[in-house]
>>> print(open('work-v6.txt').read())   # compact mmCIF, C-alpha atoms
# COMPACT_ATOMS: atom_id res chain seq x y z
CA MET J 1 44.91 8.41 -29.84
CA PHE J 2 46.94 8.55 -26.65
CA LEU J 3 50.58 8.15 -25.95
CA SER J 4 52.61 7.54 -22.81
CA LEU J 5 56.01 9.10 -22.81
CA SER J 6 58.69 9.80 -20.25
CA PRO J 7 57.84 12.07 -17.27
CA MET J 8 59.85 14.86 -18.88
CA ALA J 9 57.69 14.73 -21.95
CA LEU J 10 54.49 14.48 -19.93
CA HIS J 11 55.31 17.58 -17.90
CA GLY J 12 56.39 19.63 -20.86
CA ARG J 13 55.68 23.03 -19.27
CA SER J 14 57.85 22.51 -16.23
CA ALA J 15 60.61 20.78 -18.17
CA PRO J 16 63.62 22.81 -19.18
CA LEU J 17 63.55 24.23 -22.69
CA THR J 18 65.80 21.64 -24.28
CA PRO J 19 65.41 19.85 -27.58
CA PRO J 20 63.16 16.77 -27.37
CA ARG J 21 64.98 13.73 -26.22
CA THR J 22 65.93 11.43 -29.02
CA GLU J 23 64.16 8.52 -27.37
CA ALA J 24 60.82 10.35 -27.22
CA GLN J 25 61.35 11.61 -30.73
CA ALA J 26 61.93 8.07 -31.93
CA VAL J 27 58.68 6.97 -30.29
CA LEU J 28 56.78 9.78 -31.93
CA ASN J 29 58.28 9.04 -35.32
CA ARG J 30 57.40 5.37 -35.32
CA ASP J 31 55.80 4.22 -38.56
CA ARG J 32 52.75 2.59 -36.99
CA MET J 33 50.87 2.18 -40.26
CA ALA J 34 53.58 -0.04 -41.68
CA ALA J 35 54.44 -1.89 -38.48
CA THR J 36 53.49 -5.53 -37.99
CA ASP J 37 50.87 -6.48 -35.45
CA GLU J 38 53.53 -8.00 -33.26
CA ALA J 39 55.62 -4.81 -33.31
CA LEU J 40 52.58 -2.67 -32.50
CA LEU J 41 51.74 -4.88 -29.55
CA ALA J 42 55.31 -4.75 -28.27
CA TRP J 43 55.18 -0.95 -28.45
CA ALA J 44 51.83 -0.96 -26.70
CA VAL J 45 53.37 -2.92 -23.82
CA GLU J 46 55.90 -0.07 -23.55
CA GLY J 47 52.98 2.33 -23.12
CA ASP J 48 52.56 3.46 -26.74
CA ARG J 49 48.79 3.91 -26.90
CA LEU J 50 48.97 5.18 -30.46
CA ALA J 51 50.33 1.78 -31.45
CA PHE J 52 47.40 0.11 -29.72
CA ASP J 53 44.99 2.45 -31.47
CA GLN J 54 46.49 1.36 -34.78
CA LEU J 55 45.88 -2.26 -33.77
CA SER J 56 42.26 -1.41 -32.95
CA LEU J 57 41.76 0.31 -36.28
CA ARG J 58 43.27 -2.64 -38.09
CA HIS J 59 41.37 -5.42 -36.37
CA LEU J 60 38.05 -4.10 -35.06
CA PRO J 61 36.21 -4.59 -38.40
CA ARG J 62 37.14 -8.27 -38.57
CA LEU J 63 36.46 -8.81 -34.89
CA TYR J 64 33.03 -7.26 -35.36
CA GLN J 65 32.35 -9.50 -38.36
CA LEU J 66 33.46 -12.59 -36.44
CA ALA J 67 31.40 -11.66 -33.41
CA HIS J 68 28.36 -10.86 -35.53
CA ARG J 69 28.47 -14.29 -37.14
CA ILE J 70 28.69 -16.00 -33.73
CA THR J 71 26.22 -13.87 -31.79
CA GLY J 72 23.88 -12.98 -34.65
CA ASP J 73 23.37 -9.54 -33.13
CA ALA J 74 24.87 -6.18 -34.08
CA ALA J 75 24.94 -4.70 -30.57
CA ALA J 76 26.48 -7.85 -29.12
CA ALA J 77 29.05 -7.91 -31.92
CA GLU J 78 30.07 -4.35 -31.06
CA ASP J 79 30.42 -5.21 -27.38
CA VAL J 80 32.41 -8.35 -28.10
CA ALA J 81 34.81 -6.61 -30.48
CA GLN J 82 35.48 -3.84 -27.96
CA GLU J 83 35.84 -6.23 -25.06
CA ALA J 84 38.30 -8.36 -27.03
CA MET J 85 40.53 -5.36 -27.74
CA LEU J 86 40.40 -4.26 -24.10
CA ARG J 87 41.28 -7.80 -22.98
CA VAL J 88 44.24 -7.69 -25.36
CA TRP J 89 45.40 -4.44 -23.76
CA GLN J 90 45.18 -5.99 -20.29
CA VAL J 91 47.11 -9.13 -21.16
CA ALA J 92 49.34 -7.77 -23.91
CA SER J 93 52.50 -8.58 -22.01
CA SER J 94 51.59 -12.26 -21.93
CA PHE J 95 51.58 -12.56 -25.72
CA ASP J 96 54.44 -14.70 -26.95
CA PRO J 97 55.05 -14.35 -30.72
CA GLU J 98 57.01 -17.59 -30.70
CA ARG J 99 53.95 -19.56 -29.61
CA ALA J 100 51.19 -18.09 -31.79
CA ARG J 101 50.50 -15.50 -34.46
CA PHE J 102 48.93 -12.32 -33.18
CA THR J 103 45.79 -12.79 -35.28
CA THR J 104 45.31 -16.33 -33.98
CA TRP J 105 45.67 -15.11 -30.41
CA LEU J 106 43.37 -12.15 -30.95
CA HIS J 107 40.68 -14.17 -32.71
CA ARG J 108 40.83 -16.81 -29.98
CA ILE J 109 40.12 -14.14 -27.36
CA ALA J 110 37.24 -12.69 -29.40
CA THR J 111 35.80 -16.11 -30.26
CA ASN J 112 35.78 -17.20 -26.62
CA ILE J 113 34.08 -13.98 -25.53
CA ALA J 114 31.47 -14.30 -28.30
CA ILE J 115 30.73 -17.97 -27.54
CA ASP J 116 30.45 -17.25 -23.81
CA ARG J 117 28.13 -14.35 -24.48
CA THR J 118 25.96 -16.39 -26.81
CA ARG J 119 25.67 -19.21 -24.33
CA GLN J 120 24.78 -16.83 -21.52
CA ALA J 121 22.27 -14.80 -23.44
CA GLN J 122 20.78 -17.54 -25.61
CA ARG J 123 19.76 -14.74 -27.90
CA ILE J 124 16.69 -15.08 -30.06
CA ALA J 125 17.42 -14.99 -33.76
CA PRO J 126 17.03 -11.46 -35.08
CA PRO J 127 14.68 -10.95 -38.01
CA PRO J 128 16.42 -10.99 -41.37
CA ASP J 129 17.83 -7.61 -42.24
CA GLU J 130 15.51 -6.36 -44.97
CA SER J 131 17.55 -3.22 -45.51
CA LEU J 132 20.46 -5.09 -47.07
CA PRO J 133 20.66 -4.47 -50.81
CA ALA J 134 19.82 -7.58 -52.78
CA PRO J 135 21.85 -8.46 -55.85
CA GLY J 136 20.20 -8.25 -59.26
CA PRO J 137 17.65 -5.80 -60.57
CA ASP J 138 14.87 -8.37 -60.96
CA PRO J 139 12.32 -7.95 -58.11
CA GLU J 140 11.68 -11.68 -58.09
CA GLN J 141 15.39 -12.37 -57.73
CA GLN J 142 15.60 -9.75 -54.98
CA ALA J 143 12.73 -11.36 -53.12
CA ALA J 144 14.30 -14.80 -53.51
CA ALA J 145 17.67 -13.53 -52.30
CA ARG J 146 16.05 -11.85 -49.30
CA GLN J 147 14.18 -15.02 -48.47
CA GLN J 148 17.37 -17.06 -48.72
CA ARG J 149 19.26 -14.67 -46.44
CA GLY J 150 16.44 -14.91 -43.95
CA ARG J 151 16.57 -18.72 -44.02
CA ILE J 152 20.36 -18.71 -43.57
CA ALA J 153 20.19 -16.18 -40.72
CA ALA J 154 17.53 -18.25 -38.94
CA ALA J 155 19.42 -21.50 -39.47
CA LEU J 156 22.65 -19.96 -38.19
CA GLN J 157 20.93 -19.03 -34.95
CA GLU J 158 19.77 -22.60 -34.46
CA MET J 159 23.19 -24.21 -34.71
CA PRO J 160 25.66 -24.44 -31.82
CA ALA J 161 27.89 -21.42 -31.26
CA ARG J 162 31.05 -23.41 -31.93
CA GLN J 163 29.80 -24.41 -35.37
CA ARG J 164 29.07 -20.76 -36.13
CA ALA J 165 32.54 -19.88 -34.90
CA ALA J 166 34.10 -22.50 -37.18
CA LEU J 167 32.20 -21.08 -40.17
CA ALA J 168 33.20 -17.55 -39.24
CA LEU J 169 36.89 -18.36 -38.91
CA PHE J 170 37.24 -20.60 -41.96
CA TYR J 171 34.91 -18.89 -44.43
CA ASP J 172 34.47 -15.29 -43.27
CA GLN J 173 37.98 -14.70 -41.93
CA GLU J 174 39.48 -17.03 -44.54
CA MET J 175 41.83 -18.70 -42.10
CA ASP J 176 43.37 -21.98 -43.14
CA GLY J 177 42.29 -25.13 -41.29
CA ALA J 178 45.27 -25.22 -38.95
CA GLU J 179 44.90 -21.60 -37.84
CA ALA J 180 41.14 -21.85 -37.42
CA ALA J 181 41.62 -25.01 -35.36
CA ALA J 182 44.25 -23.29 -33.21
CA THR J 183 41.93 -20.34 -32.70
CA LEU J 184 39.17 -22.63 -31.50
CA SER J 185 41.65 -24.72 -29.49
CA VAL J 186 40.61 -27.92 -31.25
CA SER J 187 42.36 -30.38 -33.55
CA THR J 188 42.16 -29.89 -37.31
CA ARG J 189 40.01 -33.01 -37.55
CA ALA J 190 37.59 -31.62 -34.96
CA LEU J 191 37.40 -28.34 -36.88
CA GLU J 192 36.58 -30.23 -40.08
CA GLY J 193 33.80 -32.02 -38.22
CA LEU J 194 32.37 -28.70 -37.04
CA LEU J 195 32.49 -27.27 -40.57
CA ARG J 196 30.90 -30.37 -42.06
CA ARG J 197 28.02 -30.45 -39.60
CA ALA J 198 27.43 -26.72 -40.01
CA ARG J 199 27.39 -26.84 -43.82
CA ARG J 200 25.14 -29.89 -43.94
CA PHE J 201 22.71 -28.21 -41.56
CA LEU J 202 22.66 -25.00 -43.63
CA ALA J 203 22.36 -26.90 -46.91
CA GLY J 204 19.39 -28.81 -45.52
CA ARG J 205 17.72 -25.54 -44.54
CA LEU J 206 18.39 -23.93 -47.92
CA GLU J 207 16.92 -26.87 -49.78
CA GLY J 208 14.05 -27.45 -47.37
CA MET I 1 38.41 -39.76 -56.42
CA GLN I 2 35.21 -41.43 -55.27
CA LEU I 3 32.05 -39.34 -55.18
CA SER I 4 31.65 -39.99 -51.43
CA ARG I 5 35.13 -38.59 -50.77
CA PHE I 6 34.35 -35.60 -52.97
CA LEU I 7 31.14 -34.88 -51.01
CA HIS I 8 33.00 -35.25 -47.72
CA LEU I 9 35.55 -32.62 -48.74
CA LEU I 10 32.91 -30.40 -50.35
CA ASP I 11 30.98 -30.35 -47.06
CA THR I 12 34.14 -29.39 -45.21
CA TYR I 13 35.98 -26.89 -47.37
CA GLY I 14 33.21 -25.53 -49.60
CA ALA I 15 33.16 -25.04 -53.34
CA ASP I 16 36.40 -23.04 -53.65
CA LEU I 17 38.83 -25.76 -54.69
CA GLN I 18 41.79 -23.49 -53.99
CA ARG I 19 41.08 -23.96 -50.30
CA TRP I 20 41.16 -27.74 -50.56
CA PRO I 21 44.30 -29.79 -49.92
CA ALA I 22 46.27 -29.61 -53.19
CA ILE I 23 46.16 -33.33 -54.01
CA ASP I 24 42.42 -33.56 -53.38
CA ALA I 25 41.74 -30.41 -55.39
CA ALA I 26 43.41 -31.86 -58.47
CA ALA I 27 41.43 -35.09 -58.14
CA ALA I 28 38.21 -33.12 -57.58
CA ARG I 29 38.76 -31.14 -60.79
CA ALA I 30 39.15 -34.37 -62.69
CA LEU I 31 35.96 -35.78 -61.17
CA LEU I 32 34.02 -32.59 -61.91
CA ALA I 33 35.01 -32.85 -65.56
CA THR I 34 33.43 -36.29 -65.88
CA SER I 35 30.66 -36.62 -63.26
CA ALA I 36 27.33 -34.81 -63.64
CA GLU I 37 26.42 -35.78 -60.07
CA ALA I 38 29.59 -34.21 -58.68
CA GLN I 39 28.91 -31.11 -60.77
CA ALA I 40 25.38 -30.82 -59.33
CA ASP I 41 26.67 -31.17 -55.76
CA TRP I 42 29.37 -28.61 -56.46
CA ASN I 43 26.77 -26.15 -57.81
CA ARG I 44 24.78 -26.52 -54.60
CA ALA I 45 27.93 -25.83 -52.57
CA VAL I 46 28.57 -22.69 -54.63
CA LEU I 47 25.09 -21.44 -53.71
CA LEU I 48 25.74 -22.09 -50.02
CA ASP I 49 29.09 -20.27 -50.18
CA GLU I 50 27.36 -17.29 -51.79
CA ALA I 51 24.65 -17.34 -49.13
CA LEU I 52 27.33 -17.30 -46.42
CA ARG I 53 29.11 -14.40 -48.10
CA ASP I 54 25.84 -12.48 -48.42
CA THR I 55 25.16 -12.75 -44.69
CA ARG I 56 28.54 -11.39 -43.55
CA ASN I 57 28.31 -8.14 -41.63
CA LEU I 58 31.05 -5.55 -41.52
CA PRO I 59 30.63 -2.48 -39.31
CA ASP I 60 29.74 0.79 -41.00
CA ALA I 61 32.04 3.79 -40.56
CA ALA I 62 30.09 5.21 -37.62
CA THR I 63 30.10 1.89 -35.75
CA LEU I 64 33.81 1.44 -36.36
CA GLU I 65 34.59 4.93 -35.10
CA ARG I 66 32.41 4.37 -32.03
CA MET I 67 34.18 1.12 -31.19
CA ARG I 68 37.61 2.68 -31.75
CA ALA I 69 36.79 5.65 -29.51
CA HIS I 70 35.41 3.35 -26.81
CA VAL I 71 38.58 1.25 -26.79
CA ALA I 72 40.83 4.34 -26.85
CA ARG I 73 38.96 5.91 -23.91
CA HIS I 74 39.39 2.82 -21.78
CA VAL I 75 42.99 2.33 -22.80
CA ALA I 76 43.75 5.96 -21.90
CA ARG I 77 42.38 5.40 -18.40
CA THR I 78 44.10 2.06 -17.85
CA PRO I 79 47.82 1.76 -17.08
CA PRO I 80 49.97 0.09 -19.72
CA PRO I 81 49.96 -3.71 -19.52
CA ALA I 82 52.38 -5.01 -16.91
CA ARG I 83 55.70 -6.14 -18.26
CA PRO I 84 56.54 -9.82 -17.86
CA GLY I 85 58.14 -10.71 -14.53
CA LEU I 86 61.73 -11.77 -14.02
CA LEU I 87 60.85 -15.44 -14.17
CA HIS I 88 58.71 -15.20 -17.31
CA TRP I 89 61.37 -17.12 -19.24
CA LEU I 90 60.47 -20.17 -17.13
CA ARG I 91 56.94 -20.30 -18.53
CA PRO I 92 57.65 -22.14 -21.78
CA LEU I 93 59.69 -24.72 -19.87
CA LEU I 94 56.88 -25.61 -17.49
CA PRO I 95 53.84 -27.63 -18.48
CA MET I 96 50.34 -26.42 -17.68
CA GLY I 97 49.36 -26.96 -14.03
CA SER I 98 52.92 -27.13 -12.75
CA GLY I 99 52.24 -24.26 -10.36
CA ALA I 100 49.33 -26.12 -8.77
CA LEU I 101 51.46 -29.27 -8.59
CA ALA I 102 54.25 -27.38 -6.82
CA ALA I 103 51.76 -25.92 -4.32
CA LEU I 104 50.34 -29.40 -3.68
CA ALA I 105 53.82 -30.82 -3.10
CA LEU I 106 54.59 -27.99 -0.66
CA CYS I 107 51.40 -28.69 1.29
CA ALA I 108 52.18 -32.41 1.38
CA ALA I 109 55.71 -31.72 2.66
CA TRP I 110 54.38 -29.38 5.30
CA LEU I 111 51.81 -31.91 6.50
CA THR I 112 54.42 -34.68 6.54
CA PHE I 113 57.35 -32.99 8.19
CA VAL I 114 55.96 -30.19 10.29
CA THR I 115 54.44 -31.62 13.45
CA PRO I 116 51.86 -29.42 15.07
CA ALA I 117 52.72 -28.00 18.48
CA PRO I 118 50.94 -29.85 21.30
CA VAL I 119 47.80 -28.10 22.40
CA GLU I 120 48.19 -26.70 25.86
CA ASP I 121 45.38 -27.78 28.13
CA ASN I 122 44.52 -24.67 30.09
CA GLY I 123 41.65 -26.37 31.75
CA PHE I 124 39.14 -24.77 29.46
CA SER I 125 39.41 -26.82 26.29
CA ALA I 126 36.47 -27.43 23.97
CA PRO I 127 35.80 -31.01 25.15
CA ARG I 128 35.83 -29.84 28.73
CA GLN I 129 33.45 -26.98 27.95
CA ILE I 130 31.07 -29.41 26.28
CA ALA I 131 31.28 -31.69 29.29
CA MET I 132 30.56 -28.72 31.58
CA ILE I 133 27.53 -27.72 29.50
CA GLU I 134 26.20 -31.25 29.54
CA SER I 135 26.68 -31.53 33.27
CA THR I 136 24.65 -28.37 33.89
CA GLU I 137 21.67 -29.55 31.81
>>> encode(input="work-v6.txt", output="structure tokens")
Amino acid sequence: MFLSLSPMALHGRSAPLTPPRTEAQAVLNRDRMAATDEALLAWAVEGDRLAFDQLSLRHLPRLYQLAHRITGDAAAAEDVAQEAMLRVWQVASSFDPERARFTTWLHRIATNIAIDRTRQAQRIAPPPDESLPAPGPDPEQQAAARQQRGRIAAALQEMPARQRAALALFYDQEMDGAEAAATLSVSTRALEGLLRRARRFLAGRLEG
Amino acid sequence: MQLSRFLHLLDTYGADLQRWPAIDAAAARALLATSAEAQADWNRAVLLDEALRDTRNLPDAATLERMRAHVARHVARTPPPARPGLLHWLRPLLPMGSGALAALALCAAWLTFVTPAPVEDNGFSAPRQIAMIESTE
């Protein structure tokens, strides 16, 4: 949405009437849609706010989904997703593509914010969202599906935030074990333990 | 593959065998073809996977636009992120905590080699003041 350019470009009215400088033209003509996350971030460090906006557009939905799974709350998920992107803007220059993938780095920031927020707030489990469409036309099936979603939502709120984060990264975000472990800053074996405990807990609640 | 091993992996990776380690996935398929118990456990895992998928929440268009605008507003007001300093190339070479260690070593050197200047007794030092106070009580 916003772009930083050279002082000449910023003060267009007072600048002499000369053709746009090739450097500024090159910045304007960047293909941000096709650029990799790493390229967009590098451009953002140079002051290209349009590149950062493209990163936001690309990643906010998944950050929201991740945060919603961990916090269990729509408003908190929105806050966490926004805060994660703003944190990325602040520390963008510290990102080293040789040490981590951008998505791993970004999800680690968002996960830590979401876990911290959950621990601070100790939010009460929200009531199951009855407005969600239930699969299947049969009213009995719809009622059963609604009931199951309610049980899952309640059980998710009872488990530790790190277990919810492990579920969110491995199942919702479909990261592989190594990347999910790196995002949570744990070993792959520890991640597997988190996933196992979480699934067994949920399975017990579904069957109970 | 033993049933216990199958359950262990099922509890970790879920029912989608494509997400399992390749060797274990092949063995699990073979077990599923012959074991009714494994099949029943796998069916339960499928239900749990579906329940997890059903409870995922993506933002609607209005929420996404609100978040995007919020981020863009703050980014517009904030200066671009600072570029890495001249010595940023040193960072990968140094282990975590090396800065604190260097500061500690500097303090230790200072305490060892720099002798404090002798305190000049101007006749009004703290011990003397205390003695004067005590003598007046």
>>> closest_residue(input="work-v6.txt", among="J:Thr22, J:Asn29, J:Thr71, J:Thr183", to="chain I", atoms="only C-alpha atoms")
J:Thr71
>>> closest_atom_pairs(input="work-v6.txt", of="chain I", to="chain J", cutoff="7 Å", atoms="only C-alpha atoms", output="Markdown table")
| residue | atom | partner | partner_atom | distance |
| --- | --- | --- | --- | --- |
| I:Asp11 | CA | J:Arg196 | CA | 5.0 |
| I:Thr12 | CA | J:Arg196 | CA | 4.6 |
| I:Leu48 | CA | J:Ala203 | CA | 6.7 |
| I:Ala51 | CA | J:Arg149 | CA | 6.6 |
| I:Thr55 | CA | J:Arg149 | CA | 6.4 |
| I:Arg56 | CA | J:Gln65 | CA | 6.7 |
| I:Asn57 | CA | J:Gln65 | CA | 5.4 |
| I:Leu58 | CA | J:Gln65 | CA | 5.2 |
| I:Pro59 | CA | J:Pro61 | CA | 6.0 |
| I:Leu64 | CA | J:Pro61 | CA | 6.8 |
| I:Met67 | CA | J:Gln82 | CA | 6.1 |
| I:Arg68 | CA | J:Ser56 | CA | 6.3 |
| I:Val71 | CA | J:Gln82 | CA | 6.1 |
| I:Ala72 | CA | J:Met1 | CA | 6.5 |
| I:Ala76 | CA | J:Phe2 | CA | 6.3 |
| I:Pro80 | CA | J:Gly47 | CA | 5.1 |
| I:Pro81 | CA | J:Gln90 | CA | 5.4 |
| I:Ala82 | CA | J:Ser93 | CA | 6.2 |
| I:Arg83 | CA | J:Ser93 | CA | 5.5 |
| I:Pro84 | CA | J:Ser93 | CA | 5.9 |
>>> atom_distance(input="work-v6.txt", atom1="atom CA of I:Ala26", atom2="atom CA of I:Gln39")
14.7 Å
>>> atom_distance(input="work-v6.txt", atom1="atom CA of J:Met159", atom2="atom CA of I:Asp16")
23.1 Å
>>> closest_residue(input="work-v6.txt", among="I:Cys107, I:Leu31, I:Ala22, I:Ala131", to="I:Phe6", atoms="all atoms listed in the file")
I:Leu31
>>> atom_distance(input="work-v6.txt", atom1="atom CA of J:Ile113", atom2="atom CA of J:Val80")
6.4 Å
>>> residues_around(input="work-v6.txt", residues="I:Ser35", least_positions_apart="6", cutoff="12 Å", atoms="only C-alpha atoms", output="ChimeraX atom specification")
/I:1-3,6,28-29,41-42
>>> residues_around(input="work-v6.txt", residues="J:Thr36", least_positions_apart="6", cutoff="12 Å", atoms="all atoms listed in the file", output="tab-separated table (two decimals) with C-alpha atoms, in the frame of the given file")
chain	number	residue	atom	x	y	z
J	30	ARG	CA	57.40	5.37	-35.32
J	42	ALA	CA	55.31	-4.75	-28.27
J	43	TRP	CA	55.18	-0.95	-28.45
J	51	ALA	CA	50.33	1.78	-31.45
J	52	PHE	CA	47.40	0.11	-29.72
J	54	GLN	CA	46.49	1.36	-34.78
J	55	LEU	CA	45.88	-2.26	-33.77
J	58	ARG	CA	43.27	-2.64	-38.09
J	97	PRO	CA	55.05	-14.35	-30.72
J	101	ARG	CA	50.50	-15.50	-34.46
J	102	PHE	CA	48.93	-12.32	-33.18
J	103	THR	CA	45.79	-12.79	-35.28
>>> closest_residue(input="work-v6.txt", among="J:Glu38, J:Glu23, J:Glu179, J:Asp31", to="J:His107", atoms="all atoms listed in the file")
J:Glu179
>>> residues_around(input="work-v6.txt", residues="I:Ala15", least_positions_apart="5", cutoff="8 Å", atoms="all atoms listed in the file", output="compact mmCIF listing (two decimals) with C-alpha atoms, keeping the file's coordinate frame")
# COMPACT_ATOMS: atom_id res chain seq x y z
CA LEU I 10 32.91 -30.40 -50.35
CA TRP I 42 29.37 -28.61 -56.46
CA ASN I 43 26.77 -26.15 -57.81
CA ALA I 45 27.93 -25.83 -52.57
CA VAL I 46 28.57 -22.69 -54.63
CA ASP I 49 29.09 -20.27 -50.18
>>> axis_aligned_box(input="work-v6.txt", around="stretch 169-178 of chain J", padding_each_side="3 Å", output="JSON")
{"center_x": 39.9, "center_y": -20.0, "center_z": -41.7, "size_x": 16.8, "size_y": 16.5, "size_z": 11.6}
